[in-house]
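Here is entry36.txt, consisting of compact mmCIF, C-alpha atoms:
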# COMPACT_ATOMS: atom_id res chain seq x y z
CA MET A 1 159.75 56.53 86.05
CA GLY A 2 160.14 53.35 88.04
CA LEU A 3 157.75 50.92 89.57
CA GLU A 4 154.97 52.32 91.73
CA THR A 5 153.05 50.11 94.14
CA LYS A 6 149.58 51.09 95.26
CA PRO A 7 148.77 50.44 98.95
CA LEU A 8 145.89 48.10 98.12
CA SER A 9 145.57 44.37 97.51
CA THR A 10 143.86 44.79 94.15
CA LEU A 11 144.37 43.44 90.65
CA HIS A 12 145.95 46.80 89.75
CA GLU A 13 148.49 47.07 92.51
CA LYS A 14 151.51 48.16 90.44
CA VAL A 15 152.04 50.59 87.60
CA SER A 16 155.14 51.56 85.64
CA TYR A 17 156.32 53.02 82.33
CA ASN A 18 159.12 50.42 82.26
CA VAL A 19 158.32 47.20 80.38
CA GLU A 20 160.83 45.21 82.44
CA ASP A 21 158.91 45.93 85.64
CA PHE A 22 156.25 43.52 84.36
CA PRO A 23 157.25 39.86 83.88
CA VAL A 24 156.20 38.20 80.64
CA PRO A 25 152.74 36.74 81.37
CA THR A 26 152.42 32.97 81.61
CA GLY A 27 148.65 32.77 82.00
CA ARG A 28 148.86 31.83 85.67
CA GLU A 29 148.64 35.46 86.83
CA GLU A 30 145.23 36.64 88.02
CA GLU A 31 145.12 39.46 85.48
CA TRP A 32 145.97 37.13 82.58
CA ARG A 33 144.29 33.86 83.51
CA PHE A 34 141.32 34.37 81.19
CA THR A 35 143.32 35.60 78.19
CA PRO A 36 144.55 33.05 75.59
CA LEU A 37 148.14 34.29 75.37
CA SER A 38 148.95 32.17 72.31
CA ARG A 39 146.49 34.29 70.32
CA LEU A 40 148.09 37.64 71.23
CA LYS A 41 150.57 37.21 68.36
CA GLY A 42 153.52 38.40 70.42
CA LEU A 43 152.01 41.55 71.94
CA HIS A 44 152.67 40.26 75.46
CA ASP A 45 156.30 39.18 75.03
CA GLY A 46 157.69 41.61 72.47
CA ALA A 47 157.91 39.02 69.71
CA ALA A 48 155.38 40.71 67.43
CA ALA A 49 156.60 41.81 63.99
CA ALA A 50 156.22 45.45 62.95
CA GLY A 51 153.01 46.64 61.29
CA SER A 52 150.94 49.80 61.05
CA VAL A 53 147.53 51.28 61.84
CA LEU A 54 146.40 54.39 59.96
CA VAL A 55 144.88 57.15 62.11
CA HIS A 56 142.48 59.57 60.42
CA VAL A 57 140.77 62.40 62.31
CA ASP A 58 137.62 64.19 61.19
CA ALA A 59 137.56 66.88 63.87
CA ALA A 60 135.00 69.42 64.95
CA PRO A 61 136.19 72.94 64.05
CA GLU A 62 136.63 73.78 67.73
CA VAL A 63 139.06 70.88 68.28
CA THR A 64 142.82 71.25 67.85
CA VAL A 65 144.51 68.18 66.35
CA GLU A 66 148.25 67.56 66.66
CA THR A 67 150.56 64.70 65.73
CA VAL A 68 153.45 64.70 68.18
CA GLY A 69 156.53 62.66 69.02
CA ARG A 70 156.84 60.47 72.06
CA ASP A 71 158.83 63.16 73.87
CA ASP A 72 155.80 65.46 74.14
CA PRO A 73 155.50 66.26 77.88
CA ARG A 74 151.69 65.99 77.84
CA LEU A 75 151.77 62.26 77.13
CA GLY A 76 151.55 59.80 80.01
CA LYS A 77 150.55 62.38 82.61
CA ALA A 78 147.07 60.97 83.21
CA TYR A 79 147.80 57.26 82.92
CA VAL A 80 150.68 54.99 83.95
CA PRO A 81 150.68 51.51 82.33
CA ALA A 82 149.34 48.75 84.57
CA ASP A 83 150.47 45.64 82.67
CA ARG A 84 153.21 44.53 80.29
CA VAL A 85 151.32 45.07 77.01
CA SER A 86 150.33 48.58 78.04
CA ALA A 87 153.92 49.36 79.05
CA GLN A 88 155.19 47.88 75.78
CA ALA A 89 152.81 50.11 73.81
CA PHE A 90 153.93 53.18 75.76
CA ALA A 91 157.61 52.33 75.30
CA VAL A 92 157.63 51.88 71.52
CA PHE A 93 154.94 54.05 69.91
CA GLU A 94 156.49 56.58 67.54
CA LYS A 95 153.78 59.19 67.04
CA ALA A 96 150.80 60.18 69.15
CA THR A 97 147.62 62.05 68.28
CA VAL A 98 146.68 64.86 70.68
CA LEU A 99 143.23 66.43 70.49
CA THR A 100 142.40 69.48 72.60
CA VAL A 101 139.07 71.21 73.24
CA PRO A 102 139.69 74.77 74.50
CA ARG A 103 138.27 76.24 77.67
CA GLU A 104 134.46 76.72 77.60
CA ALA A 105 134.27 75.57 73.96
CA VAL A 106 131.29 73.43 72.92
CA ALA A 107 132.12 71.22 69.95
CA SER A 108 129.60 71.73 67.15
CA LYS A 109 129.85 68.15 65.87
CA PRO A 110 131.37 64.84 66.97
CA THR A 111 135.07 64.32 66.31
CA VAL A 112 135.59 60.95 64.59
CA ILE A 113 138.93 59.16 64.90
CA THR A 114 139.14 56.24 62.46
CA LEU A 115 141.89 53.68 63.10
CA THR A 116 142.37 51.29 60.18
CA GLY A 117 144.60 48.24 60.29
CA SER A 118 146.71 47.57 57.22
CA GLY A 119 147.24 43.82 57.62
CA ALA A 120 150.03 41.70 59.09
CA GLY A 121 152.42 42.88 61.79
CA ALA A 122 151.93 44.59 65.13
CA ALA A 123 151.39 48.30 65.65
CA TYR A 124 151.45 50.45 68.78
CA GLY A 125 149.63 53.71 69.30
CA HIS A 126 148.89 56.52 71.74
CA LEU A 127 145.98 58.95 71.82
CA LEU A 128 145.37 61.90 74.15
CA VAL A 129 142.04 63.70 74.33
CA LYS A 130 142.08 66.76 76.57
CA LEU A 131 139.12 68.92 77.50
CA GLU A 132 139.96 72.17 79.21
CA PRO A 133 137.66 73.49 81.98
CA MET A 134 133.96 73.87 81.09
CA ALA A 135 134.42 72.44 77.57
CA GLU A 136 131.99 69.96 76.00
CA ALA A 137 132.65 67.46 73.21
CA VAL A 138 131.76 64.10 71.69
CA PHE A 139 134.45 61.77 70.33
CA VAL A 140 134.08 58.56 68.30
CA LEU A 141 136.87 55.97 68.06
CA ASP A 142 136.17 53.69 65.08
CA HIS A 143 138.47 50.65 64.76
CA GLN A 144 138.44 48.85 61.40
CA GLY A 145 140.46 46.52 59.23
CA SER A 146 142.96 43.80 60.05
CA ALA A 147 145.59 44.50 62.69
CA VAL A 148 147.60 43.36 65.67
CA TYR A 149 147.36 46.50 67.74
CA ALA A 150 148.17 47.66 71.27
CA ASP A 151 147.55 51.21 72.42
CA ASN A 152 146.89 53.55 75.33
CA VAL A 153 144.19 56.22 75.23
CA GLU A 154 144.16 59.08 77.75
CA PHE A 155 141.05 61.19 78.38
CA VAL A 156 141.75 64.26 80.51
CA VAL A 157 138.48 65.96 81.48
CA GLY A 158 138.99 69.38 83.03
CA GLU A 159 137.01 71.05 85.80
CA GLY A 160 133.31 71.24 84.93
CA ALA A 161 133.91 69.77 81.45
CA THR A 162 131.76 67.10 79.77
CA LEU A 163 133.26 64.41 77.52
CA LYS A 164 131.27 61.71 75.72
CA VAL A 165 133.20 58.92 73.98
CA ILE A 166 131.99 56.07 71.78
CA SER A 167 134.57 53.39 71.04
CA LEU A 168 133.59 50.93 68.32
CA GLN A 169 135.69 47.77 67.88
CA ASP A 170 134.53 46.66 64.42
CA TRP A 171 137.71 44.87 63.39
CA ALA A 172 138.12 42.19 60.74
CA ASP A 173 137.78 38.60 61.93
CA ASP A 174 141.55 38.05 62.33
CA ALA A 175 142.38 41.23 64.29
CA VAL A 176 143.98 41.30 67.77
CA HIS A 177 143.52 44.43 69.87
CA VAL A 178 144.76 45.10 73.42
CA SER A 179 143.95 48.58 74.69
CA HIS A 180 143.78 50.70 77.83
CA HIS A 181 141.39 53.65 78.01
CA HIS A 182 141.94 55.88 81.03
CA ALA A 183 139.84 58.89 82.01
CA LEU A 184 141.06 61.40 84.58
CA LEU A 185 138.21 63.56 85.83
CA GLY A 186 138.68 66.99 87.36
CA LYS A 187 136.37 68.72 89.83
CA ASP A 188 132.69 68.39 88.80
CA ALA A 189 133.70 66.83 85.46
CA THR A 190 131.37 64.47 83.56
CA PHE A 191 132.54 61.48 81.53
CA ARG A 192 130.30 59.22 79.44
CA SER A 193 131.84 56.18 77.73
CA PHE A 194 130.09 53.73 75.41
CA VAL A 195 132.11 50.72 74.24
CA VAL A 196 130.84 48.49 71.42
CA THR A 197 132.88 45.35 70.68
CA LEU A 198 131.76 43.26 67.72
CA GLY A 199 134.74 42.32 65.55
CA GLY A 200 138.16 40.77 65.93
CA ASP A 201 139.62 37.41 66.84
CA LEU A 202 140.74 38.64 70.28
CA VAL A 203 139.91 41.98 71.87
CA ARG A 204 141.02 42.88 75.39
CA LEU A 205 139.91 46.37 76.38
CA SER A 206 140.61 47.90 79.80
CA PRO A 207 138.67 51.10 80.53
CA SER A 208 139.58 52.86 83.78
CA VAL A 209 138.59 56.05 85.60
CA SER A 210 140.25 58.12 88.31
CA TYR A 211 139.39 61.46 89.88
CA SER A 212 141.55 64.49 90.62
CA GLY A 213 138.84 66.51 92.38
CA PRO A 214 135.44 66.10 94.06
CA GLY A 215 132.13 65.95 92.21
CA GLY A 216 133.25 63.85 89.23
CA ASP A 217 130.61 61.73 87.47
CA ALA A 218 131.50 58.74 85.26
CA ASP A 219 129.12 56.47 83.35
CA LEU A 220 130.67 53.47 81.57
CA THR A 221 128.44 51.48 79.22
CA GLY A 222 129.38 48.50 77.06
CA LEU A 223 127.76 46.22 74.48
CA TYR A 224 129.40 43.17 72.94
CA PHE A 225 128.37 40.29 70.68
CA VAL A 226 130.67 37.27 70.64
CA ASP A 227 130.66 34.74 67.82
CA ALA A 228 132.15 31.25 67.56
CA GLY A 229 135.86 31.27 68.39
CA GLN A 230 135.99 34.94 69.39
CA HIS A 231 137.49 36.09 72.69
CA MET A 232 136.26 39.44 73.96
CA GLU A 233 137.50 40.68 77.31
CA HIS A 234 136.58 43.89 79.12
CA ARG A 235 138.42 44.75 82.32
CA LEU A 236 137.16 47.85 84.11
CA LEU A 237 138.61 49.80 87.01
CA VAL A 238 137.04 52.79 88.77
CA ASP A 239 139.37 54.23 91.40
CA HIS A 240 137.49 56.53 93.79
CA SER A 241 140.06 58.67 95.62
CA GLN A 242 138.09 61.93 95.92
CA PRO A 243 134.95 62.71 97.95
CA ASN A 244 131.42 62.94 96.56
CA CYS A 245 132.08 61.36 93.16
CA LYS A 246 129.83 59.03 91.18
CA SER A 247 130.34 56.07 88.88
CA ASN A 248 128.00 53.72 87.11
CA VAL A 249 129.04 50.71 85.01
CA THR A 250 126.64 48.74 82.79
CA TYR A 251 127.93 46.13 80.34
CA LYS A 252 125.79 43.61 78.44
CA GLY A 253 126.82 40.92 76.00
CA ALA A 254 125.36 38.16 73.85
CA LEU A 255 127.27 35.03 72.88
CA GLN A 256 126.69 32.37 70.24
CA GLY A 257 128.68 29.54 68.71
CA GLU A 258 131.30 27.05 69.80
CA ASP A 259 134.10 28.54 71.94
CA ALA A 260 132.61 32.02 71.96
CA HIS A 261 134.15 33.49 75.12
CA ALA A 262 133.38 36.74 76.92
CA VAL A 263 135.23 37.97 80.00
CA TRP A 264 134.08 40.89 82.11
CA ILE A 265 136.05 42.05 85.15
CA GLY A 266 134.66 45.00 87.09
CA ASP A 267 136.83 46.53 89.82
CA VAL A 268 135.72 49.46 91.96
CA ILE A 269 137.95 50.84 94.71
CA ILE A 270 136.62 53.33 97.26
CA ARG A 271 139.56 54.73 99.17
CA VAL A 272 139.53 56.10 102.71
CA GLU A 273 139.38 59.70 101.54
CA ALA A 274 136.51 59.07 99.06
CA GLU A 275 133.61 59.79 101.41
CA GLY A 276 130.21 60.27 99.80
CA THR A 277 130.98 57.97 96.85
CA ASP A 278 127.99 56.65 94.90
CA THR A 279 128.83 53.68 92.67
CA TYR A 280 127.21 50.67 91.02
CA GLU A 281 128.36 48.10 88.47
CA LEU A 282 126.28 45.64 86.45
CA ASN A 283 127.11 42.91 83.94
CA ARG A 284 124.63 40.72 82.05
CA ASN A 285 125.44 37.96 79.56
CA LEU A 286 122.97 36.21 77.26
CA LEU A 287 124.12 32.75 76.14
CA LEU A 288 122.32 32.00 72.87
CA THR A 289 123.82 28.57 72.07
CA ASP A 290 125.66 25.68 73.65
CA GLY A 291 129.44 25.95 73.58
CA ALA A 292 129.56 29.63 74.56
CA ARG A 293 131.15 30.74 77.84
CA ALA A 294 130.91 33.94 79.85
CA ASP A 295 133.14 34.75 82.83
CA SER A 296 131.93 37.66 84.94
CA VAL A 297 133.77 38.86 88.04
CA PRO A 298 132.62 42.01 89.87
CA ASN A 299 134.93 43.27 92.62
CA LEU A 300 134.17 46.03 95.13
CA GLU A 301 136.78 47.21 97.63
CA ILE A 302 135.48 49.71 100.20
CA LEU A 303 137.90 51.35 102.62
CA THR A 304 135.52 53.89 104.17
CA GLY A 305 132.15 53.52 105.86
CA GLU A 306 130.95 56.91 104.65
CA VAL A 307 129.52 56.07 101.22
CA ALA A 308 126.31 57.24 99.58
CA GLY A 309 125.86 53.92 97.79
CA ALA A 310 127.90 50.98 96.53
CA GLY A 311 126.83 47.75 94.87
CA HIS A 312 127.30 45.32 92.03
CA ALA A 313 125.40 42.62 90.17
CA SER A 314 126.31 39.99 87.62
CA ALA A 315 124.31 37.30 85.83
CA SER A 316 124.69 35.00 82.83
CA GLY A 317 121.86 32.92 81.42
CA ARG A 318 119.99 31.67 78.40
CA LEU A 319 117.04 33.14 76.53
CA ASP A 320 113.88 33.09 78.62
CA ASP A 321 111.60 30.40 77.15
CA GLU A 322 108.55 32.18 78.55
CA HIS A 323 109.38 35.34 76.64
CA ILE A 324 109.76 33.36 73.41
CA PHE A 325 106.54 31.41 74.07
CA TYR A 326 104.63 34.63 74.81
CA LEU A 327 105.57 36.08 71.43
CA GLN A 328 104.98 32.82 69.54
CA ALA A 329 101.54 32.52 71.12
CA ARG A 330 100.72 35.81 69.40
CA GLY A 331 101.69 34.52 65.98
CA ILE A 332 105.30 35.64 65.84
CA PRO A 333 107.64 33.01 64.32
CA PHE A 334 110.44 31.67 66.54
CA ASP A 335 113.31 33.42 64.71
CA ASP A 336 111.52 36.78 64.85
CA ALA A 337 110.62 36.24 68.50
CA ARG A 338 114.22 35.44 69.34
CA ARG A 339 115.41 38.56 67.53
CA LEU A 340 112.90 40.76 69.37
CA VAL A 341 113.97 39.42 72.77
CA ILE A 342 117.65 40.04 72.02
CA ARG A 343 116.93 43.54 70.73
CA GLY A 344 115.02 44.19 73.94
CA PHE A 345 118.02 42.96 75.93
CA PHE A 346 120.22 45.62 74.30
CA ALA A 347 117.57 48.35 73.85
CA GLN A 348 118.29 50.33 77.00
CA LEU A 349 121.99 50.50 76.13
CA LEU A 350 121.45 51.45 72.49
CA GLU A 351 119.35 54.42 73.58
CA LYS A 352 122.48 55.88 75.17
CA ILE A 353 124.14 56.25 71.75
CA GLU A 354 123.08 59.81 70.96
CA LEU A 355 124.31 59.73 67.34
CA PRO A 356 121.46 58.22 65.26
CA GLU A 357 123.64 57.05 62.37
CA LEU A 358 126.01 55.26 64.75
CA ARG A 359 123.15 53.74 66.73
CA GLU A 360 121.66 52.37 63.49
CA ARG A 361 125.05 51.01 62.45
CA VAL A 362 125.46 49.13 65.74
CA LEU A 363 121.89 47.82 65.58
CA GLY A 364 122.51 46.65 62.02
CA LYS A 365 125.65 44.82 63.12
CA VAL A 366 123.73 43.09 65.91
CA GLU A 367 120.99 42.10 63.46
CA ALA A 368 123.63 40.70 61.11
CA GLU A 369 125.09 38.61 63.95
CA LEU A 370 121.65 37.12 64.61
CA GLU A 371 121.40 36.03 60.97
CA LYS A 372 124.48 33.80 61.31
I'd like the structure from this file rewritten - as structure tokens, please.
Amino acid sequence: MGLETKPLSTLHEKVSYNVEDFPVPTGREEEWRFTPLSRLKGLHDGAAAAGSVLVHVDAAPEVTVETVGRDDPRLGKAYVPADRVSAQAFAVFEKATVLTVPREAVASKPTVITLTGSGAGAAYGHLLVKLEPMAEAVFVLDHQGSAVYADNVEFVVGEGATLKVISLQDWADDAVHVSHHHALLGKDATFRSFVVTLGGDLVRLSPSVSYSGPGGDADLTGLYFVDAGQHMEHRLLVDHSQPNCKSNVTYKGALQGEDAHAVWIGDVIIRVEAEGTDTYELNRNLLLTDGARADSVPNLEILTGEVAGAGHASASGRLDDEHIFYLQARGIPFDDARRLVIRGFFAQLLEKIELPELRERVLGKVEAELEK
């Protein structure tokens, strides 16, 4: 397929499966201006050497797991690449993992997909999760090891189906990961996404949602902790093109150390035909030390006056001295008081992780970051 241009002046105005339809980024483009291209290790210009990422699936018994070639007609139906790295990943991946939950099936346990980097060299992947009408399932994407990795993940949520996804970026310190997650929601479908980004040298994750029927409901939650020298970038897009759909975006991050850099871009489009849309997006960043930087850019494009609700909020700031003082005045040492305030900052998000063992793992990782 060739280049497609959307009739909107947004950051996502063209999509294509063809790599050559996207010029090699220079860093001056709006969609790349925050990303340190020199640290992508060739993912953006095709210069990356070959590597591998091992995919292991521990599936619920109700879930069908297939490894297919790139010619499988189901691939690429829900999502068309929106930048050069995404198009590159789609053009060169060799095998894809397809997971299907049958009609009206309710998965009896979470399906865990573990992606483990094997070291040097770049790898490209593709994952398709498809829920047929009225199905329900929970999926966990667990990224580990050392890798230079670019991939596309498609979530197809059928009519009346409910999909919950937890994506954990727990890479080694030298890893580079550029990924697009796209959810296509059918009529009255429900999608819940929880992104946790803790590890890696550079992680750029782009979750997006679109609707193929009315009544869809998407909730996108994210938690990230950025250490010295790390670059963590989350670029979200919710494209409302159907009436009476909902979306809610809540991302929170903490940063510490010299040159710790977080980027959050939140784009919501409400098209003319999307009457009755109810949407809100929120980003909060907690700067724990000098030398850390957070860029937060919420964007809301409304093309109809008939909306149920639409808004956004963004703020970045330091620890509240009054909160620390309040706890210290009650005999709590400074380090413990600081830890309690940061845990409180993330508490509401952590409650959304319904898997206790995973919630404890994330909490433990956050606690370990605070010990540094």
Exercise for the section: Give as number ranges by chain every residue, naming chains and numbers as the document does, that has an atom within 10 Å of (132.2, 66.2, 82.5), counting only C-alpha atoms. Expected result: A: 131, 133-137, 156-164, 185-192, 215-218
May I have the protein, DNA and RNA residues with any atom at most 6 Å from the point (151.5, 44.0, 76.4), counting only C-alpha atoms, written as a PDB file with C-alpha atoms, keeping the file's coordinate frame?
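Dumped everything to point.pdb:
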ATOM      1  CA  LEU A  43     152.010  41.550  71.940  1.00  0.00           C
ATOM      2  CA  HIS A  44     152.670  40.260  75.460  1.00  0.00           C
ATOM      3  CA  ARG A  84     153.210  44.530  80.290  1.00  0.00           C
ATOM      4  CA  VAL A  85     151.320  45.070  77.010  1.00  0.00           C
ATOM      5  CA  SER A  86     150.330  48.580  78.040  1.00  0.00           C
ATOM      6  CA  GLN A  88     155.190  47.880  75.780  1.00  0.00           C
TER       7      GLN A  88
END
Practice task
Using only C-alpha atoms, determine which residues lie at most 12 Å from Leu358 in chain A, disregarding the query and same-chain residues fewer than 6 positions distant; provide the list as number ranges by chain.
Solution key: A: 110, 112, 140-142, 166-168, 194, 196, 350-352, 364-365
Practice task
One decimal, Å: what's the distance from CA of Phe139 in chain A over to CA of Ile113 in chain A, could you say?
Solution key: 7.5 Å
Completion exercise
Separating CA of Thr111 in chain A from CA of Arg70 in chain A, to the nearest tenth of an Å, is a gap of 22.8 Å
Save range 259-294 of chain A of the structure in the block above to a file, with C-alpha atoms included, as a PDB file, in the first residue's frame.
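The file below, part.pdb, is the result:
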ATOM      1  CA  ASP A 259      20.247  14.081  32.128  1.00  0.00           C
ATOM      2  CA  ALA A 260      17.270  11.936  33.085  1.00  0.00           C
ATOM      3  CA  HIS A 261      14.767  12.848  30.368  1.00  0.00           C
ATOM      4  CA  ALA A 262      11.081  11.990  30.062  1.00  0.00           C
ATOM      5  CA  VAL A 263       8.903  12.964  27.110  1.00  0.00           C
ATOM      6  CA  TRP A 264       5.133  12.611  27.083  1.00  0.00           C
ATOM      7  CA  ILE A 265       3.063  13.590  24.048  1.00  0.00           C
ATOM      8  CA  GLY A 266      -0.698  13.141  24.296  1.00  0.00           C
ATOM      9  CA  ASP A 267      -2.765  13.601  21.134  1.00  0.00           C
ATOM     10  CA  VAL A 268      -6.544  13.258  21.063  1.00  0.00           C
ATOM     11  CA  ILE A 269      -8.511  13.827  17.857  1.00  0.00           C
ATOM     12  CA  ILE A 270     -12.302  14.118  17.894  1.00  0.00           C
ATOM     13  CA  ARG A 271     -13.522  13.960  14.321  1.00  0.00           C
ATOM     14  CA  VAL A 272     -16.708  15.490  12.943  1.00  0.00           C
ATOM     15  CA  GLU A 273     -18.587  12.197  13.064  1.00  0.00           C
ATOM     16  CA  ALA A 274     -17.532  11.409  16.671  1.00  0.00           C
ATOM     17  CA  GLU A 275     -20.459  13.058  18.450  1.00  0.00           C
ATOM     18  CA  GLY A 276     -20.911  12.202  22.113  1.00  0.00           C
ATOM     19  CA  THR A 277     -17.192  11.605  22.713  1.00  0.00           C
ATOM     20  CA  ASP A 278     -16.021  11.684  26.336  1.00  0.00           C
ATOM     21  CA  THR A 279     -12.250  12.033  26.702  1.00  0.00           C
ATOM     22  CA  TYR A 280      -9.618  13.255  29.140  1.00  0.00           C
ATOM     23  CA  GLU A 281      -5.823  13.052  29.284  1.00  0.00           C
ATOM     24  CA  LEU A 282      -3.502  13.716  32.227  1.00  0.00           C
ATOM     25  CA  ASN A 283       0.271  13.720  32.663  1.00  0.00           C
ATOM     26  CA  ARG A 284       2.193  14.349  35.897  1.00  0.00           C
ATOM     27  CA  ASN A 285       5.967  14.378  36.351  1.00  0.00           C
ATOM     28  CA  LEU A 286       7.826  14.426  39.660  1.00  0.00           C
ATOM     29  CA  LEU A 287      11.361  15.842  39.411  1.00  0.00           C
ATOM     30  CA  LEU A 288      13.343  14.396  42.318  1.00  0.00           C
ATOM     31  CA  THR A 289      16.767  15.957  41.619  1.00  0.00           C
ATOM     32  CA  ASP A 290      18.443  18.735  39.705  1.00  0.00           C
ATOM     33  CA  GLY A 291      19.535  17.838  36.184  1.00  0.00           C
ATOM     34  CA  ALA A 292      16.348  15.943  35.293  1.00  0.00           C
ATOM     35  CA  ARG A 293      14.046  17.188  32.527  1.00  0.00           C
ATOM     36  CA  ALA A 294      10.433  16.415  31.651  1.00  0.00           C
TER      37      ALA A 294
END
